[in-house]
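Beneath this line is the structure, given in structure tokens, with notes to follow.
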Amino acid sequence: MTTRIVVKIGSSSLTGPEGGLNHEAVAFFAAEIAGLRKAGCEVLLVTSGAVAAGFRGIGYPSRPKLLHEKQAAAAVGQVMLMQAYQEAFAEHGIPTAQILLTRTDFCSRRAMNNAVMTVEELLRQGAVPVFNENDTVSVDELKFGDNDTLSALVANLLKASHLLVLTDMDGLYSGDPRKNPAAIRYERVEEITPEIYAFAGGAGSSVGTGGMRSKIDAAKIATRGGVPVFIGRATEPGDLELAADGNGKGTYFATTLSSLPVKKQWLGFMSTPLGSLYVDEGAVEALLHGGHSLLPVGVKRIEGNFHSGDVVEVLGPDAKLLGRGIVNYDDTQLRSIQGLPSGQIVPKLGEVHRLEVIHRDEWITLR
């Protein structure tokens, strides 16, 4: 099988510190991706940089903060960004294709299936699909976080072999190396723990919206879907191929999991939960370690308004997220039977479609 690689390039790697597109950087990354293709890889590119590229072109002195201003800058910058990519890849005889997405696009499994078919055809025709968030219509509360999350979703959806997240830092450190010379770089992370999250700070540059934390979030999504992740730097010719080969300037996030089915990806990372269920320790054990369904007896508290077939999140006694599932009851029904053993459900409600609150086939663990 052909190795399929998703490459994500952040704003800080494509623009100057004061904004504006760095055409030399675009040409460099196009050459690096062309090198991967010559080595036999399929490459999908997830890019940021539309707002950073466009805000000076539309007349703003610095990166705008108001939503409508950012969207206007993105509308200008996206044209500049794709023109730069098209010209840079044309030097290597490679066609490019623009794919703009929002988080709500991922909520439709049918739309995502269609998107997969389109991307597969583009790859068959030798094009590099270039993904970006559709900033012009996105709203802040639904944004991807400098496209880090978008790159993870694309990697999972297209069953990539690797996700390479390129940034201006050479990996994850135990502290900020710009402030703490004793900070240690992690070469490999086997499990993303709260300690790993504690090392991640805020946004790293004035032109981007992401930071190491959003990259760790992306790594968690991708590795949960069976895709290993590299987070690091590519600044010299051959760096991208080294990153793909396991010798890059950064940190590798391992996974022992296999690729998630599209349904589970949608459930875990693209759906919108409409309620929350708090469960007891017995239910935690059954869901996380027993491979069992969630029964009414384990439900202790219910929040939100939902109907049978909606997605809900499930939390343990410590209020920490366990996972998501498709619920089989309306919230009013569930409130009347929460905590009851299975033998009392039918006498209480009459005929029911399913006894389980969430069937194990409609569940994904996110802890």
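As shown in the structure tokens, the chain order sets the letters A, B, ...; within each chain, residues go from 1, and ligands are also counted from 1 in the order they appear.
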- For Pro341 in chain A, list every protein, DNA or RNA residue within 12 Å, evaluated using only C-alpha atoms, and leave out those in the same chain fewer than 2 positions away; present the list as a PyMOL selection string. chain A and resi 294-299+337-339+343-348+355-357
Would you export the selected residues with N, CA and C atoms as a PDB file, in the first residue's frame, please?
ATOM      1  N   LEU A 294     -24.034   0.684  28.596  1.00  0.00           N
ATOM      2  CA  LEU A 294     -24.454   1.454  29.766  1.00  0.00           C
ATOM      3  C   LEU A 294     -25.923   1.148  30.052  1.00  0.00           C
ATOM      4  N   LEU A 295     -26.212   0.731  31.288  1.00  0.00           N
ATOM      5  CA  LEU A 295     -27.576   0.406  31.703  1.00  0.00           C
ATOM      6  C   LEU A 295     -28.130   1.505  32.615  1.00  0.00           C
ATOM      7  N   PRO A 296     -29.451   1.592  32.725  1.00  0.00           N
ATOM      8  CA  PRO A 296     -30.055   2.645  33.568  1.00  0.00           C
ATOM      9  C   PRO A 296     -29.575   2.620  35.009  1.00  0.00           C
ATOM     10  N   VAL A 297     -29.278   1.441  35.538  1.00  0.00           N
ATOM     11  CA  VAL A 297     -28.881   1.327  36.936  1.00  0.00           C
ATOM     12  C   VAL A 297     -27.622   2.123  37.245  1.00  0.00           C
ATOM     13  N   GLY A 298     -26.763   2.322  36.231  1.00  0.00           N
ATOM     14  CA  GLY A 298     -25.504   3.027  36.461  1.00  0.00           C
ATOM     15  C   GLY A 298     -25.585   4.530  36.325  1.00  0.00           C
ATOM     16  N   VAL A 299     -26.736   5.060  35.870  1.00  0.00           N
ATOM     17  CA  VAL A 299     -26.878   6.495  35.634  1.00  0.00           C
ATOM     18  C   VAL A 299     -27.327   7.187  36.914  1.00  0.00           C
ATOM     19  N   ILE A 337     -36.162   6.502  35.031  1.00  0.00           N
ATOM     20  CA  ILE A 337     -35.650   5.138  35.282  1.00  0.00           C
ATOM     21  C   ILE A 337     -34.183   5.124  35.709  1.00  0.00           C
ATOM     22  N   GLN A 338     -33.564   6.281  35.845  1.00  0.00           N
ATOM     23  CA  GLN A 338     -32.153   6.295  36.227  1.00  0.00           C
ATOM     24  C   GLN A 338     -31.970   5.604  37.572  1.00  0.00           C
ATOM     25  N   GLY A 339     -30.947   4.791  37.647  1.00  0.00           N
ATOM     26  CA  GLY A 339     -30.640   4.061  38.877  1.00  0.00           C
ATOM     27  C   GLY A 339     -31.425   2.782  39.072  1.00  0.00           C
ATOM     28  N   GLY A 343     -34.642  -5.163  35.347  1.00  0.00           N
ATOM     29  CA  GLY A 343     -35.917  -5.838  35.528  1.00  0.00           C
ATOM     30  C   GLY A 343     -37.068  -4.909  35.843  1.00  0.00           C
ATOM     31  N   GLN A 344     -36.785  -3.659  36.242  1.00  0.00           N
ATOM     32  CA  GLN A 344     -37.855  -2.716  36.577  1.00  0.00           C
ATOM     33  C   GLN A 344     -38.176  -1.733  35.452  1.00  0.00           C
ATOM     34  N   ILE A 345     -37.433  -1.821  34.330  1.00  0.00           N
ATOM     35  CA  ILE A 345     -37.599  -0.830  33.266  1.00  0.00           C
ATOM     36  C   ILE A 345     -38.929  -1.002  32.536  1.00  0.00           C
ATOM     37  N   VAL A 346     -39.214  -2.232  32.069  1.00  0.00           N
ATOM     38  CA  VAL A 346     -40.445  -2.470  31.311  1.00  0.00           C
ATOM     39  C   VAL A 346     -41.685  -2.212  32.168  1.00  0.00           C
ATOM     40  N   PRO A 347     -41.733  -2.693  33.432  1.00  0.00           N
ATOM     41  CA  PRO A 347     -42.891  -2.350  34.260  1.00  0.00           C
ATOM     42  C   PRO A 347     -43.075  -0.843  34.445  1.00  0.00           C
ATOM     43  N   LYS A 348     -41.983  -0.112  34.427  1.00  0.00           N
ATOM     44  CA  LYS A 348     -42.057   1.338  34.634  1.00  0.00           C
ATOM     45  C   LYS A 348     -42.480   2.068  33.366  1.00  0.00           C
ATOM     46  N   LEU A 355     -33.188  -1.943  26.196  1.00  0.00           N
ATOM     47  CA  LEU A 355     -32.990  -1.734  27.627  1.00  0.00           C
ATOM     48  C   LEU A 355     -31.782  -0.848  27.898  1.00  0.00           C
ATOM     49  N   GLU A 356     -30.740  -0.969  27.051  1.00  0.00           N
ATOM     50  CA  GLU A 356     -29.512  -0.216  27.299  1.00  0.00           C
ATOM     51  C   GLU A 356     -29.728   1.281  27.099  1.00  0.00           C
ATOM     52  N   VAL A 357     -29.100   2.057  27.952  1.00  0.00           N
ATOM     53  CA  VAL A 357     -29.091   3.511  27.739  1.00  0.00           C
ATOM     54  C   VAL A 357     -28.222   3.827  26.528  1.00  0.00           C
TER      55      VAL A 357
END
- Query: From the set A:Met80, A:Leu36, A:Ala27, A:Leu163, which residue has the shortest atom-to-atom contact distance to Gly57 in chain A, counting only C-alpha atoms?
  - Reply: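 Among the listed residues, A:Met80 lies closest to Gly57 in chain A.
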- Message: So the first atom is CA of Ala152 in chain A and the second is CA of Ala218 in chain A; what is the distance between them in Å, to one decimal place?
- Response: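 So the two atoms, CA of Ala152 in chain A and CA of Ala218 in chain A, lie 5.3 Å apart.
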Per-residue nearest contacts of range 157-241 of chain A to range 256-279 of chain A (12 Å; only C-alpha atoms) as a Markdown table:
| residue | atom | partner | partner_atom | distance |
| --- | --- | --- | --- | --- |
| A:Leu157 | CA | A:Val262 | CA | 6.6 |
| A:Leu158 | CA | A:Val262 | CA | 9.4 |
| A:Lys159 | CA | A:Ser259 | CA | 6.7 |
| A:Ala160 | CA | A:Ser259 | CA | 8.9 |
| A:Ser161 | CA | A:Ser259 | CA | 9.6 |
| A:His162 | CA | A:Ser259 | CA | 11.6 |
| A:Glu190 | CA | A:Thr256 | CA | 9.0 |
| A:Glu191 | CA | A:Thr256 | CA | 10.0 |
| A:Asp217 | CA | A:Phe269 | CA | 11.0 |
| A:Ala218 | CA | A:Phe269 | CA | 10.5 |
| A:Lys220 | CA | A:Phe269 | CA | 10.6 |
| A:Ile221 | CA | A:Phe269 | CA | 7.4 |
| A:Ala222 | CA | A:Ser259 | CA | 9.3 |
| A:Thr223 | CA | A:Leu257 | CA | 7.2 |
| A:Arg224 | CA | A:Leu257 | CA | 6.6 |
| A:Gly225 | CA | A:Leu260 | CA | 5.0 |
| A:Gly226 | CA | A:Ser259 | CA | 4.4 |
| A:Val227 | CA | A:Ser259 | CA | 7.1 |
| A:Pro228 | CA | A:Thr256 | CA | 8.8 |
Keeping only N, CA, C and O atoms, write those residues as a JSON list (two decimals), in the first residue's frame.
[["chain", "number", "residue", "atom", "x", "y", "z"],
["A", 157, "LEU", "N", -9.93, 10.44, 8.98],
["A", 157, "LEU", "CA", -10.95, 10.20, 7.97],
["A", 157, "LEU", "C", -10.39, 9.53, 6.72],
["A", 157, "LEU", "O", -11.01, 8.66, 6.13],
["A", 158, "LEU", "N", -9.18, 9.96, 6.32],
["A", 158, "LEU", "CA", -8.56, 9.43, 5.10],
["A", 158, "LEU", "C", -7.60, 8.28, 5.39],
["A", 158, "LEU", "O", -6.85, 7.86, 4.51],
["A", 159, "LYS", "N", -7.62, 7.78, 6.65],
["A", 159, "LYS", "CA", -6.81, 6.63, 7.05],
["A", 159, "LYS", "C", -5.33, 6.81, 6.69],
["A", 159, "LYS", "O", -4.71, 5.97, 6.02],
["A", 160, "ALA", "N", -4.77, 7.92, 7.16],
["A", 160, "ALA", "CA", -3.37, 8.23, 6.88],
["A", 160, "ALA", "C", -2.43, 7.33, 7.68],
["A", 160, "ALA", "O", -2.80, 6.81, 8.74],
["A", 161, "SER", "N", -1.23, 7.16, 7.18],
["A", 161, "SER", "CA", -0.20, 6.41, 7.89],
["A", 161, "SER", "C", 0.49, 7.27, 8.94],
["A", 161, "SER", "O", 0.96, 6.77, 9.96],
["A", 162, "HIS", "N", 0.58, 8.58, 8.66],
["A", 162, "HIS", "CA", 1.25, 9.51, 9.58],
["A", 162, "HIS", "C", 0.59, 10.87, 9.49],
["A", 162, "HIS", "O", 0.07, 11.26, 8.43],
["A", 190, "GLU", "N", 4.49, 8.07, 24.61],
["A", 190, "GLU", "CA", 3.71, 6.84, 24.45],
["A", 190, "GLU", "C", 2.24, 7.04, 24.82],
["A", 190, "GLU", "O", 1.36, 6.39, 24.27],
["A", 191, "GLU", "N", 1.99, 7.96, 25.75],
["A", 191, "GLU", "CA", 0.63, 8.20, 26.21],
["A", 191, "GLU", "C", 0.47, 9.67, 26.57],
["A", 191, "GLU", "O", 1.35, 10.25, 27.23],
["A", 217, "ASP", "N", -3.90, 18.28, 21.61],
["A", 217, "ASP", "CA", -5.29, 17.86, 21.37],
["A", 217, "ASP", "C", -5.40, 17.11, 20.05],
["A", 217, "ASP", "O", -6.06, 16.07, 19.96],
["A", 218, "ALA", "N", -4.76, 17.64, 19.02],
["A", 218, "ALA", "CA", -4.79, 17.00, 17.70],
["A", 218, "ALA", "C", -4.12, 15.63, 17.74],
["A", 218, "ALA", "O", -4.61, 14.66, 17.16],
["A", 220, "LYS", "N", -3.93, 13.70, 20.27],
["A", 220, "LYS", "CA", -4.79, 12.77, 21.00],
["A", 220, "LYS", "C", -5.88, 12.23, 20.08],
["A", 220, "LYS", "O", -6.19, 11.03, 20.10],
["A", 221, "ILE", "N", -6.48, 13.10, 19.25],
["A", 221, "ILE", "CA", -7.51, 12.66, 18.31],
["A", 221, "ILE", "C", -6.93, 11.69, 17.29],
["A", 221, "ILE", "O", -7.49, 10.63, 17.02],
["A", 222, "ALA", "N", -5.80, 12.07, 16.71],
["A", 222, "ALA", "CA", -5.21, 11.24, 15.66],
["A", 222, "ALA", "C", -4.75, 9.89, 16.18],
["A", 222, "ALA", "O", -5.03, 8.85, 15.57],
["A", 223, "THR", "N", -4.05, 9.88, 17.31],
["A", 223, "THR", "CA", -3.56, 8.60, 17.84],
["A", 223, "THR", "C", -4.72, 7.73, 18.31],
["A", 223, "THR", "O", -4.65, 6.50, 18.21],
["A", 224, "ARG", "N", -5.79, 8.36, 18.82],
["A", 224, "ARG", "CA", -6.97, 7.58, 19.19],
["A", 224, "ARG", "C", -7.57, 6.89, 17.97],
["A", 224, "ARG", "O", -8.18, 5.83, 18.07],
["A", 225, "GLY", "N", -7.37, 7.49, 16.80],
["A", 225, "GLY", "CA", -7.85, 6.90, 15.56],
["A", 225, "GLY", "C", -6.84, 6.00, 14.88],
["A", 225, "GLY", "O", -7.07, 5.56, 13.75],
["A", 226, "GLY", "N", -5.70, 5.75, 15.53],
["A", 226, "GLY", "CA", -4.71, 4.84, 14.96],
["A", 226, "GLY", "C", -3.66, 5.49, 14.10],
["A", 226, "GLY", "O", -2.90, 4.80, 13.40],
["A", 227, "VAL", "N", -3.55, 6.84, 14.14],
["A", 227, "VAL", "CA", -2.57, 7.54, 13.30],
["A", 227, "VAL", "C", -1.46, 8.11, 14.19],
["A", 227, "VAL", "O", -1.72, 8.98, 15.04],
["A", 228, "PRO", "N", -0.20, 7.65, 14.04],
["A", 228, "PRO", "CA", 0.90, 8.24, 14.80],
["A", 228, "PRO", "C", 1.18, 9.66, 14.34],
["A", 228, "PRO", "O", 0.92, 10.01, 13.18]]
- Give the strand (DSSP E or B) residues of range 169-325 of chain A, as DSSP finds them on the backbone, and put them as a ChimeraX atom specification. /A:173,185,188-189,229-233,249-253,275-279,294,299-304,311-315,321-325
- Using only C-alpha atoms, which residues sit within 10 Å of Glu362 in chain A once same-chain residues fewer than 5 positions away are excluded, as a ChimeraX atom specification? /A:263-264,267,293,309,311,324-328
Preceding selection exported with N, CA and C atoms as a compact mmCIF listing (two decimals), in the first residue's frame:
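Final file, selection.txt:
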# COMPACT_ATOMS: atom_id res chain seq x y z
N LYS A 263 -17.85 5.82 11.44
CA LYS A 263 -18.93 6.06 12.41
C LYS A 263 -18.38 6.42 13.78
N LYS A 264 -17.34 5.70 14.22
CA LYS A 264 -16.75 5.98 15.53
C LYS A 264 -16.03 7.32 15.53
N LEU A 267 -18.68 9.92 15.85
CA LEU A 267 -19.24 9.90 17.21
C LEU A 267 -18.29 10.56 18.20
N SER A 293 -22.36 -2.42 27.69
CA SER A 293 -23.23 -1.28 27.43
C SER A 293 -23.52 -0.54 28.73
N GLY A 309 -31.58 8.62 20.00
CA GLY A 309 -30.81 8.78 18.76
C GLY A 309 -29.84 9.94 18.79
N VAL A 311 -26.65 12.23 20.46
CA VAL A 311 -25.35 11.94 21.08
C VAL A 311 -25.28 12.62 22.44
N ARG A 324 -18.40 9.18 24.57
CA ARG A 324 -19.67 9.60 23.99
C ARG A 324 -20.42 8.39 23.46
N GLY A 325 -21.74 8.55 23.39
CA GLY A 325 -22.55 7.48 22.85
C GLY A 325 -23.87 7.98 22.33
N ILE A 326 -24.56 7.14 21.57
CA ILE A 326 -25.89 7.45 21.07
C ILE A 326 -26.90 6.89 22.05
N VAL A 327 -27.73 7.75 22.60
CA VAL A 327 -28.64 7.37 23.68
C VAL A 327 -29.92 6.77 23.11
N ASN A 328 -30.48 5.82 23.83
CA ASN A 328 -31.69 5.12 23.39
C ASN A 328 -32.98 5.64 24.03
- Item | Non-local contacts of Ala198 in chain A (10 Å; only C-alpha atoms; under 6 positions in same chain excluded) as a PyMOL selection string | chain A and resi 174-175+213
What's the 6 Å shell around Asp330 in chain A, counting only C-alpha atoms, without same-chain residues fewer than 5 positions away, as a short mmCIF file (atom, residue, chain, number, x, y, z; two decimals) with N, CA and C atoms, in the first residue's frame?
data_model
loop_
_atom_site.label_atom_id
_atom_site.label_comp_id
_atom_site.auth_asym_id
_atom_site.auth_seq_id
_atom_site.Cartn_x
_atom_site.Cartn_y
_atom_site.Cartn_z
N PHE A 306 -32.55 15.94 25.40
CA PHE A 306 -32.18 15.15 24.23
C PHE A 306 -33.26 14.13 23.93
N HIS A 307 -33.17 13.54 22.75
CA HIS A 307 -34.11 12.53 22.31
C HIS A 307 -33.36 11.25 21.97
N SER A 308 -34.09 10.16 21.89
CA SER A 308 -33.50 8.89 21.46
C SER A 308 -32.83 9.07 20.11
#
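Between Leu315 in chain A and the candidates A:Val284, A:Ile364, A:His92, A:Ile9, the tightest atom-to-atom separation, counting only C-alpha atoms, involves A:Val284.
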- Task: May I ask for the distance between CA of Asp135 in chain A and CA of Arg103 in chain A, given in Å to one decimal place?
- Result: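 Computed distance, CA of Asp135 in chain A to CA of Arg103 in chain A, equals 10.7 Å.
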- Restricting to only C-alpha atoms, whichever of A:Asn114, A:Glu236, A:Ile192, A:Gly19 is closest to Ser62 in chain A is A:Gly19
- Which of A:Val26, A:Met169, A:Val7, A:Val51 sits closest to Gln71 in chain A [using only C-alpha atoms]: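 Residue with the minimum atom-to-atom distance to Gln71 in chain A: A:Val51.
Residue nearest Glu120 in chain A, chosen from A:Glu42, A:Asp310, A:Glu351, A:Glu69 and counting only C-alpha atoms: A:Glu42.
Shortest atom-to-atom contact with Gln333 in chain A among A:Leu321, A:Ala97, A:Val79, A:Leu349: A:Leu349, counting only C-alpha atoms.
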